[in-house]
$ cat upload.cif   # mmCIF, C-alpha atoms and all ligand atoms; chains and numbers go by the auth columns
data_my_file
loop_
_atom_site.group_PDB
_atom_site.id
_atom_site.type_symbol
_atom_site.label_atom_id
_atom_site.label_comp_id
_atom_site.label_asym_id
_atom_site.label_seq_id
_atom_site.Cartn_x
_atom_site.Cartn_y
_atom_site.Cartn_z
_atom_site.B_iso_or_equiv
_atom_site.auth_seq_id
_atom_site.auth_asym_id
ATOM 1 C CA MET A 1 -18.856 -5.212 18.621 0.00 1 A
ATOM 2 C CA ASN A 2 -15.194 -4.460 19.269 0.00 2 A
ATOM 3 C CA HIS A 3 -14.555 -0.731 19.289 0.00 3 A
ATOM 4 C CA LYS A 4 -10.913 -1.093 18.456 0.00 4 A
ATOM 5 C CA GLY A 5 -10.009 -1.333 14.797 0.00 5 A
ATOM 6 C CA LEU A 6 -9.004 -4.257 12.655 0.00 6 A
ATOM 7 C CA ILE A 7 -6.037 -3.889 10.306 0.00 7 A
ATOM 8 C CA VAL A 8 -5.942 -6.392 7.462 0.00 8 A
ATOM 9 C CA TYR A 9 -2.704 -6.324 5.517 0.00 9 A
ATOM 10 C CA LYS A 10 -1.420 -7.856 2.297 0.00 10 A
ATOM 11 C CA SER A 11 2.363 -7.847 2.112 0.00 11 A
ATOM 12 C CA ARG A 12 4.864 -9.631 -0.073 0.00 12 A
ATOM 13 C CA THR A 13 8.234 -8.211 0.981 0.00 13 A
ATOM 14 C CA GLY A 14 7.370 -7.009 4.484 0.00 14 A
ATOM 15 C CA PHE A 15 6.996 -3.215 4.229 0.00 15 A
ATOM 16 C CA THR A 16 3.198 -3.210 4.521 0.00 16 A
ATOM 17 C CA ARG A 17 3.259 -5.753 7.342 0.00 17 A
ATOM 18 C CA LYS A 18 5.712 -3.591 9.275 0.00 18 A
ATOM 19 C CA TYR A 19 3.532 -0.484 8.964 0.00 19 A
ATOM 20 C CA ALA A 20 0.413 -2.516 9.872 0.00 20 A
ATOM 21 C CA GLU A 21 2.113 -3.913 12.972 0.00 21 A
ATOM 22 C CA LEU A 22 3.308 -0.468 14.026 0.00 22 A
ATOM 23 C CA ALA A 23 -0.206 0.997 13.686 0.00 23 A
ATOM 24 C CA GLY A 24 -1.588 -2.017 15.550 0.00 24 A
ATOM 25 C CA LYS A 25 0.891 -1.599 18.399 0.00 25 A
ATOM 26 C CA GLU A 26 0.264 2.145 18.705 0.00 26 A
ATOM 27 C CA THR A 27 -3.530 1.914 18.683 0.00 27 A
ATOM 28 C CA GLY A 28 -4.345 -1.499 20.141 0.00 28 A
ATOM 29 C CA SER A 29 -5.940 -2.514 16.837 0.00 29 A
ATOM 30 C CA ARG A 30 -5.880 -6.151 15.852 0.00 30 A
ATOM 31 C CA VAL A 31 -3.574 -6.944 12.926 0.00 31 A
ATOM 32 C CA VAL A 32 -4.385 -9.823 10.590 0.00 32 A
ATOM 33 C CA ASP A 33 -2.913 -11.160 7.353 0.00 33 A
ATOM 34 C CA TYR A 34 -5.483 -10.830 4.555 0.00 34 A
ATOM 35 C CA LYS A 35 -5.332 -14.598 3.996 0.00 35 A
ATOM 36 C CA ARG A 36 -7.009 -15.005 7.371 0.00 36 A
ATOM 37 C CA ALA A 37 -9.526 -12.191 6.894 0.00 37 A
ATOM 38 C CA SER A 38 -13.231 -12.788 6.317 0.00 38 A
ATOM 39 C CA PRO A 39 -16.481 -10.794 6.442 0.00 39 A
ATOM 40 C CA GLU A 40 -17.275 -12.614 9.702 0.00 40 A
ATOM 41 C CA LEU A 41 -14.050 -11.407 11.297 0.00 41 A
ATOM 42 C CA MET A 42 -14.561 -7.852 9.987 0.00 42 A
ATOM 43 C CA SER A 43 -18.116 -7.799 11.358 0.00 43 A
ATOM 44 C CA GLU A 44 -16.662 -7.831 14.895 0.00 44 A
ATOM 45 C CA TYR A 45 -15.098 -4.372 14.386 0.00 45 A
ATOM 46 C CA ASP A 46 -16.361 -0.836 13.845 0.00 46 A
ATOM 47 C CA THR A 47 -13.399 0.152 11.707 0.00 47 A
ATOM 48 C CA VAL A 48 -11.580 -2.017 9.186 0.00 48 A
ATOM 49 C CA VAL A 49 -8.336 -0.821 7.612 0.00 49 A
ATOM 50 C CA PHE A 50 -6.947 -2.560 4.561 0.00 50 A
ATOM 51 C CA GLY A 51 -3.199 -2.101 3.988 0.00 51 A
ATOM 52 C CA SER A 52 -1.459 -3.186 0.813 0.00 52 A
ATOM 53 C CA ARG A 53 1.234 -2.312 -1.688 0.00 53 A
ATOM 54 C CA ALA A 54 1.111 -0.206 -4.816 0.00 54 A
ATOM 55 C CA HIS A 55 1.596 -2.662 -7.665 0.00 55 A
ATOM 56 C CA ALA A 56 1.973 -1.276 -11.190 0.00 56 A
ATOM 57 C CA GLY A 57 -0.342 1.612 -10.350 0.00 57 A
ATOM 58 C CA ARG A 58 -2.939 -0.514 -8.538 0.00 58 A
ATOM 59 C CA ILE A 59 -3.699 -1.342 -4.914 0.00 59 A
ATOM 60 C CA ASP A 60 -2.973 -5.038 -4.701 0.00 60 A
ATOM 61 C CA GLY A 61 -6.095 -6.885 -3.482 0.00 61 A
ATOM 62 C CA TYR A 62 -8.258 -3.795 -3.017 0.00 62 A
ATOM 63 C CA GLN A 63 -11.440 -5.089 -4.712 0.00 63 A
ATOM 64 C CA LYS A 64 -11.497 -8.307 -2.699 0.00 64 A
ATOM 65 C CA ALA A 65 -10.880 -6.500 0.566 0.00 65 A
ATOM 66 C CA LYS A 66 -13.626 -3.988 -0.239 0.00 66 A
ATOM 67 C CA GLU A 67 -16.108 -6.744 -1.060 0.00 67 A
ATOM 68 C CA MET A 68 -15.329 -8.478 2.222 0.00 68 A
ATOM 69 C CA PHE A 69 -15.880 -5.230 4.107 0.00 69 A
ATOM 70 C CA GLN A 70 -19.196 -4.617 2.304 0.00 70 A
ATOM 71 C CA LYS A 71 -20.441 -8.081 3.259 0.00 71 A
ATOM 72 C CA SER A 72 -19.305 -7.626 6.852 0.00 72 A
ATOM 73 C CA GLY A 73 -21.542 -4.762 7.943 0.00 73 A
ATOM 74 C CA ALA A 74 -18.590 -3.046 9.686 0.00 74 A
ATOM 75 C CA LYS A 75 -19.127 0.730 9.796 0.00 75 A
ATOM 76 C CA GLN A 76 -15.962 2.339 8.498 0.00 76 A
ATOM 77 C CA PHE A 77 -13.483 1.235 5.847 0.00 77 A
ATOM 78 C CA ALA A 78 -10.051 2.836 5.412 0.00 78 A
ATOM 79 C CA VAL A 79 -7.081 2.033 3.219 0.00 79 A
ATOM 80 C CA PHE A 80 -3.351 2.488 3.426 0.00 80 A
ATOM 81 C CA VAL A 81 -0.866 1.824 0.676 0.00 81 A
ATOM 82 C CA THR A 82 2.907 1.439 0.722 0.00 82 A
ATOM 83 C CA GLY A 83 5.034 2.124 -2.320 0.00 83 A
ATOM 84 C CA ALA A 84 8.437 3.024 -3.685 0.00 84 A
ATOM 85 C CA THR A 85 7.198 6.511 -4.615 0.00 85 A
ATOM 86 C CA PRO A 86 8.447 9.057 -2.051 0.00 86 A
ATOM 87 C CA ASN A 87 5.773 10.865 -0.031 0.00 87 A
ATOM 88 C CA THR A 88 7.041 14.156 -1.472 0.00 88 A
ATOM 89 C CA GLU A 89 5.668 13.145 -4.919 0.00 89 A
ATOM 90 C CA LYS A 90 2.256 14.590 -4.065 0.00 90 A
ATOM 91 C CA GLN A 91 0.921 14.701 -7.631 0.00 91 A
ATOM 92 C CA VAL A 92 1.931 11.094 -8.404 0.00 92 A
ATOM 93 C CA ILE A 93 0.257 9.930 -5.201 0.00 93 A
ATOM 94 C CA GLN A 94 -2.882 11.956 -5.860 0.00 94 A
ATOM 95 C CA ASP A 95 -3.126 10.473 -9.375 0.00 95 A
ATOM 96 C CA PHE A 96 -2.634 7.024 -7.895 0.00 96 A
ATOM 97 C CA TRP A 97 -5.611 7.482 -5.570 0.00 97 A
ATOM 98 C CA LYS A 98 -7.736 8.824 -8.422 0.00 98 A
ATOM 99 C CA GLN A 99 -6.939 5.717 -10.471 0.00 99 A
ATOM 100 C CA ASN A 100 -7.886 3.365 -7.675 0.00 100 A
ATOM 101 C CA LEU A 101 -10.764 4.966 -5.800 0.00 101 A
ATOM 102 C CA THR A 102 -13.966 6.324 -7.328 0.00 102 A
ATOM 103 C CA SER A 103 -14.800 9.956 -6.581 0.00 103 A
ATOM 104 C CA GLY A 104 -17.350 8.726 -4.015 0.00 104 A
ATOM 105 C CA GLU A 105 -14.737 6.532 -2.365 0.00 105 A
ATOM 106 C CA LEU A 106 -12.210 9.359 -2.293 0.00 106 A
ATOM 107 C CA GLN A 107 -14.690 11.274 -0.125 0.00 107 A
ATOM 108 C CA LYS A 108 -15.888 8.400 2.012 0.00 108 A
ATOM 109 C CA ILE A 109 -12.856 6.164 2.537 0.00 109 A
ATOM 110 C CA PRO A 110 -9.955 7.645 4.516 0.00 110 A
ATOM 111 C CA HIS A 111 -6.790 6.753 2.579 0.00 111 A
ATOM 112 C CA PHE A 112 -3.156 6.995 3.578 0.00 112 A
ATOM 113 C CA TYR A 113 0.070 6.622 1.623 0.00 113 A
ATOM 114 C CA MET A 114 3.389 5.524 3.169 0.00 114 A
ATOM 115 C CA GLN A 115 6.676 5.428 1.311 0.00 115 A
ATOM 116 C CA SER A 116 8.565 2.169 1.717 0.00 116 A
ATOM 117 C CA GLY A 117 11.204 1.108 -0.805 0.00 117 A
ATOM 118 C CA LEU A 118 12.067 -2.003 -2.765 0.00 118 A
ATOM 119 C CA ARG A 119 13.250 -5.367 -1.518 0.00 119 A
ATOM 120 C CA TYR A 120 14.401 -7.424 -4.494 0.00 120 A
ATOM 121 C CA GLU A 121 15.543 -10.370 -2.356 0.00 121 A
ATOM 122 C CA ASP A 122 11.973 -11.099 -1.178 0.00 122 A
ATOM 123 C CA MET A 123 10.085 -10.370 -4.424 0.00 123 A
ATOM 124 C CA SER A 124 8.233 -13.104 -6.297 0.00 124 A
ATOM 125 C CA PHE A 125 9.683 -14.375 -9.557 0.00 125 A
ATOM 126 C CA THR A 126 7.010 -12.512 -11.545 0.00 126 A
ATOM 127 C CA ASP A 127 7.692 -9.260 -9.703 0.00 127 A
ATOM 128 C CA LYS A 128 11.422 -9.581 -10.377 0.00 128 A
ATOM 129 C CA LEU A 129 10.623 -10.119 -14.065 0.00 129 A
ATOM 130 C CA MET A 130 8.347 -7.076 -14.129 0.00 130 A
ATOM 131 C CA MET A 131 11.039 -4.938 -12.532 0.00 131 A
ATOM 132 C CA ARG A 132 13.644 -6.236 -14.964 0.00 132 A
ATOM 133 C CA GLY A 133 11.331 -5.375 -17.882 0.00 133 A
ATOM 134 C CA LEU A 134 10.893 -1.860 -16.535 0.00 134 A
ATOM 135 C CA ARG A 135 14.634 -1.409 -15.998 0.00 135 A
ATOM 136 C CA THR A 136 15.403 -2.579 -19.560 0.00 136 A
ATOM 137 C CA MET A 137 12.707 -0.348 -21.026 0.00 137 A
ATOM 138 C CA LEU A 138 14.025 2.708 -19.172 0.00 138 A
ATOM 139 C CA LYS A 139 17.644 1.910 -20.000 0.00 139 A
ATOM 140 C CA ARG A 140 16.891 1.755 -23.730 0.00 140 A
ATOM 141 C CA LYS A 141 14.665 4.799 -23.827 0.00 141 A
ATOM 142 C CA LYS A 142 16.112 7.937 -25.359 0.00 142 A
ATOM 143 C CA ASP A 143 15.073 11.440 -24.235 0.00 143 A
ATOM 144 C CA LYS A 144 13.995 10.331 -20.787 0.00 144 A
ATOM 145 C CA SER A 145 11.822 12.711 -18.766 0.00 145 A
ATOM 146 C CA ASP A 146 13.025 13.762 -15.300 0.00 146 A
ATOM 147 C CA GLU A 147 10.438 11.426 -13.816 0.00 147 A
ATOM 148 C CA GLU A 148 11.799 8.505 -15.876 0.00 148 A
ATOM 149 C CA LYS A 149 15.387 9.321 -14.906 0.00 149 A
ATOM 150 C CA ARG A 150 14.392 9.428 -11.254 0.00 150 A
ATOM 151 C CA MET A 151 12.587 6.132 -11.562 0.00 151 A
ATOM 152 C CA GLU A 152 15.552 4.503 -13.314 0.00 152 A
ATOM 153 C CA ARG A 153 17.795 5.450 -10.388 0.00 153 A
ATOM 154 C CA MET A 154 15.245 4.329 -7.811 0.00 154 A
ATOM 155 C CA ILE A 155 14.645 0.846 -9.197 0.00 155 A
ATOM 156 C CA ALA A 156 18.330 -0.024 -9.698 0.00 156 A
ATOM 157 C CA GLY A 157 18.508 -1.968 -6.412 0.00 157 A
ATOM 158 C CA SER A 158 16.941 -2.566 -3.014 0.00 158 A
ATOM 159 C CA TYR A 159 16.457 0.295 -0.585 0.00 159 A
ATOM 160 C CA ASP A 160 14.368 1.216 2.445 0.00 160 A
ATOM 161 C CA ILE A 161 12.929 4.713 2.808 0.00 161 A
ATOM 162 C CA SER A 162 10.201 3.680 5.239 0.00 162 A
ATOM 163 C CA SER A 163 9.876 5.488 8.551 0.00 163 A
ATOM 164 C CA GLU A 164 7.487 5.413 11.502 0.00 164 A
ATOM 165 C CA GLU A 165 6.712 9.036 10.713 0.00 165 A
ATOM 166 C CA TYR A 166 4.664 8.039 7.647 0.00 166 A
ATOM 167 C CA ALA A 167 2.326 5.892 9.751 0.00 167 A
ATOM 168 C CA LYS A 168 1.341 8.823 11.974 0.00 168 A
ATOM 169 C CA PRO A 169 -1.721 9.995 9.978 0.00 169 A
ATOM 170 C CA LEU A 170 -3.156 6.461 10.009 0.00 170 A
ATOM 171 C CA ILE A 171 -2.428 6.126 13.732 0.00 171 A
ATOM 172 C CA SER A 172 -4.170 9.461 14.456 0.00 172 A
ATOM 173 C CA PHE A 173 -7.175 8.336 12.425 0.00 173 A
ATOM 174 C CA LEU A 174 -7.384 5.048 14.334 0.00 174 A
ATOM 175 C CA LYS A 175 -7.100 6.831 17.652 0.00 175 A
ATOM 176 C CA GLY A 176 -10.176 8.796 16.598 0.00 176 A
HETATM 177 C C1 LIG B . 6.201 -5.269 -9.872 0.00 201 A
HETATM 178 C C2 LIG B . 6.170 -4.124 -8.913 0.00 201 A
HETATM 179 C C3 LIG B . 5.399 -3.016 -9.186 0.00 201 A
HETATM 180 C C4 LIG B . 5.406 -1.919 -8.318 0.00 201 A
HETATM 181 N N1 LIG B . 4.641 -0.834 -8.628 0.00 201 A
HETATM 182 C C5 LIG B . 4.695 0.259 -7.819 0.00 201 A
HETATM 183 C C6 LIG B . 3.918 1.413 -8.130 0.00 201 A
HETATM 184 O O1 LIG B . 3.154 1.451 -9.083 0.00 201 A
HETATM 185 N N2 LIG B . 4.066 2.506 -7.331 0.00 201 A
HETATM 186 C C7 LIG B . 4.902 2.507 -6.236 0.00 201 A
HETATM 187 O O2 LIG B . 4.997 3.525 -5.557 0.00 201 A
HETATM 188 N N3 LIG B . 5.600 1.403 -5.898 0.00 201 A
HETATM 189 C C8 LIG B . 5.512 0.285 -6.650 0.00 201 A
HETATM 190 N N4 LIG B . 6.219 -0.835 -6.318 0.00 201 A
HETATM 191 C C9 LIG B . 6.939 -0.873 -5.025 0.00 201 A
HETATM 192 C C10 LIG B . 6.105 -1.585 -3.944 0.00 201 A
HETATM 193 O O3 LIG B . 4.826 -0.999 -3.847 0.00 201 A
HETATM 194 C C11 LIG B . 6.788 -1.481 -2.577 0.00 201 A
HETATM 195 O O4 LIG B . 8.006 -2.160 -2.588 0.00 201 A
HETATM 196 C C12 LIG B . 5.850 -2.022 -1.478 0.00 201 A
HETATM 197 O O5 LIG B . 6.097 -1.371 -0.263 0.00 201 A
HETATM 198 C C13 LIG B . 5.952 -3.505 -1.275 0.00 201 A
HETATM 199 O O6 LIG B . 5.095 -3.886 -0.225 0.00 201 A
HETATM 200 P P1 LIG B . 5.326 -5.198 0.621 0.00 201 A
HETATM 201 O O7 LIG B . 6.767 -5.171 1.112 0.00 201 A
HETATM 202 O O8 LIG B . 4.363 -5.116 1.737 0.00 201 A
HETATM 203 O O9 LIG B . 5.068 -6.365 -0.279 0.00 201 A
HETATM 204 C C14 LIG B . 6.212 -1.947 -7.140 0.00 201 A
HETATM 205 C C15 LIG B . 6.974 -3.080 -6.864 0.00 201 A
HETATM 206 C C16 LIG B . 6.956 -4.161 -7.728 0.00 201 A
HETATM 207 C C17 LIG B . 7.802 -5.366 -7.396 0.00 201 A
#
$ encode --input "upload.cif" --output "structure tokens" --more "lines below"
Ligand SMILES: Cc1cc2nc3c(=O)[nH]c(=O)nc-3n(C[C@H](O)[C@H](O)[C@H](O)COP(=O)(O)O)c2cc1C
Amino acid sequence: MNHKGLIVYKSRTGFTRKYAELAGKETGSRVVDYKRASPELMSEYDTVVFGSRAHAGRIDGYQKAKEMFQKSGAKQFAVFVTGATPNTEKQVIQDFWKQNLTSGELQKIPHFYMQSGLRYEDMSFTDKLMMRGLRTMLKRKKDKSDEEKRMERMIAGSYDISSEEYAKPLISFLKG
């Protein structure tokens, strides 16, 4: 059994990978792309962290990663998520966790949120289409709420609001 952690990440445009690599470097944890993850690999570690992106209100790949962890027999599972929502939006982030984790999981699974940004140039075709749909919908909407106005501004183009600072809670957790 390896007492260092394993960080499995799923990343399309690079934000999640960057945070995973930072946490790996700071804690000596092994960092692996989810495509190369398996229950066998996870079984070699006490702690397995799954990092992914927020995708239309969901944690991309969460169920699969959780199933792998459950098969593995590793002791502790934790999750981190990157997203365009700023860390200051505490209520939005809390609602996000409630939508994705059961009340039991909220207690049992340490979970961390890290603001990132948007990188249109590296998005998949489908993601670009989804973002275009959202932009059009918001543009046409009358009587926009403050939240909708904020979102309209934020999704207009690429930006990076990630910072090493947001990885600190995960790093502290991994350092035990
Ligand atoms: C189609 C789509 C949906 C998204 N949905 C959300 C969301 O619900 N909440 C959020 O905070 N960010 C959302 N984002 C922003 C991504 O979560 C953010 O860019 C993330 O850090 C990307 O991770 P990656 O670079 O590792 O792929 C969305 C982005 C796309 C393209």
$ residues_near_ligand --input "upload.cif" --ligand "ligand LIG 201 (chain A)" --cutoff "10 Å" --atoms "only C-alpha atoms and all ligand atoms" --output "ChimeraX atom specification"
/A:9-20,51-60,81-87,89,92-93,96,113-120,122-134,155,158-162
$ atom_distance --input "upload.cif" --atom1 "CA of Glu40 (chain A)" --atom2 "CA of Phe80 (chain A)"
21.5 Å
$ atom_distance --input "upload.cif" --atom1 "CA of Met154 (chain A)" --atom2 "CA of Gln91 (chain A)"
17.7 Å
$ residues_around --input "upload.cif" --residues "region 66-72 of chain A" --least-positions-apart "5" --cutoff "6 Å" --atoms "only C-alpha atoms" --output "ChimeraX atom specification"
/A:39,42-43
$ closest_residue --input "upload.cif" --among "A:Leu6, A:Val48, A:Ala156, A:Ala65" --to "Glu21 (chain A)" --atoms "all atoms listed in the file"
A:Leu6
$ resolve_selection --input "upload.cif" --expression "the PyMOL selection byres (((chain A and resi 29) around 10) and not hetatm)" --output "VMD selection string"
chain A and resid 2 to 7 20 to 28 30 to 32 45 47 to 49 171 174 to 175
$ write_last_selection --input "upload.cif" --atoms "C-alpha atoms" --output "tab-separated table (two decimals), in the coordinates of the input"
chain	number	residue	atom	x	y	z
A	2	ASN	CA	-15.19	-4.46	19.27
A	3	HIS	CA	-14.56	-0.73	19.29
A	4	LYS	CA	-10.91	-1.09	18.46
A	5	GLY	CA	-10.01	-1.33	14.80
A	6	LEU	CA	-9.00	-4.26	12.66
A	7	ILE	CA	-6.04	-3.89	10.31
A	20	ALA	CA	0.41	-2.52	9.87
A	21	GLU	CA	2.11	-3.91	12.97
A	22	LEU	CA	3.31	-0.47	14.03
A	23	ALA	CA	-0.21	1.00	13.69
A	24	GLY	CA	-1.59	-2.02	15.55
A	25	LYS	CA	0.89	-1.60	18.40
A	26	GLU	CA	0.26	2.14	18.70
A	27	THR	CA	-3.53	1.91	18.68
A	28	GLY	CA	-4.34	-1.50	20.14
A	30	ARG	CA	-5.88	-6.15	15.85
A	31	VAL	CA	-3.57	-6.94	12.93
A	32	VAL	CA	-4.38	-9.82	10.59
A	45	TYR	CA	-15.10	-4.37	14.39
A	47	THR	CA	-13.40	0.15	11.71
A	48	VAL	CA	-11.58	-2.02	9.19
A	49	VAL	CA	-8.34	-0.82	7.61
A	171	ILE	CA	-2.43	6.13	13.73
A	174	LEU	CA	-7.38	5.05	14.33
A	175	LYS	CA	-7.10	6.83	17.65
$ residues_around --input "upload.cif" --residues "Lys139 (chain A)" --least-positions-apart "4" --cutoff "10 Å" --atoms "only C-alpha atoms" --output "ChimeraX atom specification"
/A:133-135,144,148-149,152
$ atom_distance --input "upload.cif" --atom1 "CA of Gln94 (chain A)" --atom2 "CA of Lys35 (chain A)"
28.4 Å
$ residues_near_point --input "upload.cif" --point "(-14.0, 7.0, 5.0)" --cutoff "7 Å" --atoms "only C-alpha atoms" --output "MDAnalysis selection string"
chainID A and resid 76:78 107:110
$ write_last_selection --input "upload.cif" --atoms "C-alpha atoms" --output "mmCIF file, in the frame of the given file"
data_model
loop_
_atom_site.group_PDB
_atom_site.id
_atom_site.type_symbol
_atom_site.label_atom_id
_atom_site.label_comp_id
_atom_site.auth_asym_id
_atom_site.auth_seq_id
_atom_site.Cartn_x
_atom_site.Cartn_y
_atom_site.Cartn_z
ATOM 1 C CA GLN A 76 -15.962 2.339 8.498
ATOM 2 C CA PHE A 77 -13.483 1.235 5.847
ATOM 3 C CA ALA A 78 -10.051 2.836 5.412
ATOM 4 C CA GLN A 107 -14.690 11.274 -0.125
ATOM 5 C CA LYS A 108 -15.888 8.400 2.012
ATOM 6 C CA ILE A 109 -12.856 6.164 2.537
ATOM 7 C CA PRO A 110 -9.955 7.645 4.516
#
$ closest_residue --input "upload.cif" --among "A:Leu41, A:Phe112, A:Val8, A:Asn100" --to "Ser172 (chain A)" --atoms "all atoms listed in the file"
A:Phe112
$ decode --input "upload.cif" --residues "region 116-156 of chain A" --atoms "C-alpha atoms" --output "mmCIF file, in the first residue's frame"
data_model
loop_
_atom_site.group_PDB
_atom_site.id
_atom_site.type_symbol
_atom_site.label_atom_id
_atom_site.label_comp_id
_atom_site.auth_asym_id
_atom_site.auth_seq_id
_atom_site.Cartn_x
_atom_site.Cartn_y
_atom_site.Cartn_z
ATOM 1 C CA SER A 116 -10.605 28.308 -13.354
ATOM 2 C CA GLY A 117 -12.057 30.134 -16.356
ATOM 3 C CA LEU A 118 -12.959 29.306 -19.928
ATOM 4 C CA ARG A 119 -10.710 28.318 -22.798
ATOM 5 C CA TYR A 120 -12.736 28.401 -26.008
ATOM 6 C CA GLU A 121 -9.758 27.531 -28.226
ATOM 7 C CA ASP A 122 -9.390 24.065 -26.642
ATOM 8 C CA MET A 123 -13.088 23.190 -26.196
ATOM 9 C CA SER A 124 -14.686 20.312 -28.085
ATOM 10 C CA PHE A 125 -17.085 21.101 -30.908
ATOM 11 C CA THR A 126 -20.063 20.090 -28.745
ATOM 12 C CA ASP A 127 -18.910 22.287 -25.867
ATOM 13 C CA LYS A 128 -18.520 25.263 -28.205
ATOM 14 C CA LEU A 129 -22.063 24.630 -29.463
ATOM 15 C CA MET A 130 -23.405 24.428 -25.913
ATOM 16 C CA MET A 131 -21.714 27.699 -25.011
ATOM 17 C CA ARG A 132 -23.036 29.358 -28.155
ATOM 18 C CA GLY A 133 -26.563 28.175 -27.283
ATOM 19 C CA LEU A 134 -26.222 29.633 -23.802
ATOM 20 C CA ARG A 135 -24.871 32.936 -25.125
ATOM 21 C CA THR A 136 -27.749 33.243 -27.628
ATOM 22 C CA MET A 137 -30.327 32.370 -24.984
ATOM 23 C CA LEU A 138 -28.957 34.985 -22.577
ATOM 24 C CA LYS A 139 -28.630 37.618 -25.293
ATOM 25 C CA ARG A 140 -32.288 37.239 -26.281
ATOM 26 C CA LYS A 141 -33.649 37.083 -22.766
ATOM 27 C CA LYS A 142 -35.445 40.151 -21.482
ATOM 28 C CA ASP A 143 -35.463 41.124 -17.784
ATOM 29 C CA LYS A 144 -32.243 39.312 -16.992
ATOM 30 C CA SER A 145 -31.448 38.645 -13.332
ATOM 31 C CA ASP A 146 -28.130 39.916 -11.938
ATOM 32 C CA GLU A 147 -26.855 36.350 -12.029
ATOM 33 C CA GLU A 148 -27.768 36.047 -15.730
ATOM 34 C CA LYS A 149 -26.133 39.386 -16.541
ATOM 35 C CA ARG A 150 -22.981 38.297 -14.748
ATOM 36 C CA MET A 151 -22.968 35.008 -16.591
ATOM 37 C CA GLU A 152 -23.483 36.722 -19.955
ATOM 38 C CA ARG A 153 -20.383 38.845 -19.341
ATOM 39 C CA MET A 154 -18.352 35.884 -18.114
ATOM 40 C CA ILE A 155 -19.002 33.587 -21.065
ATOM 41 C CA ALA A 156 -18.333 36.205 -23.764
#
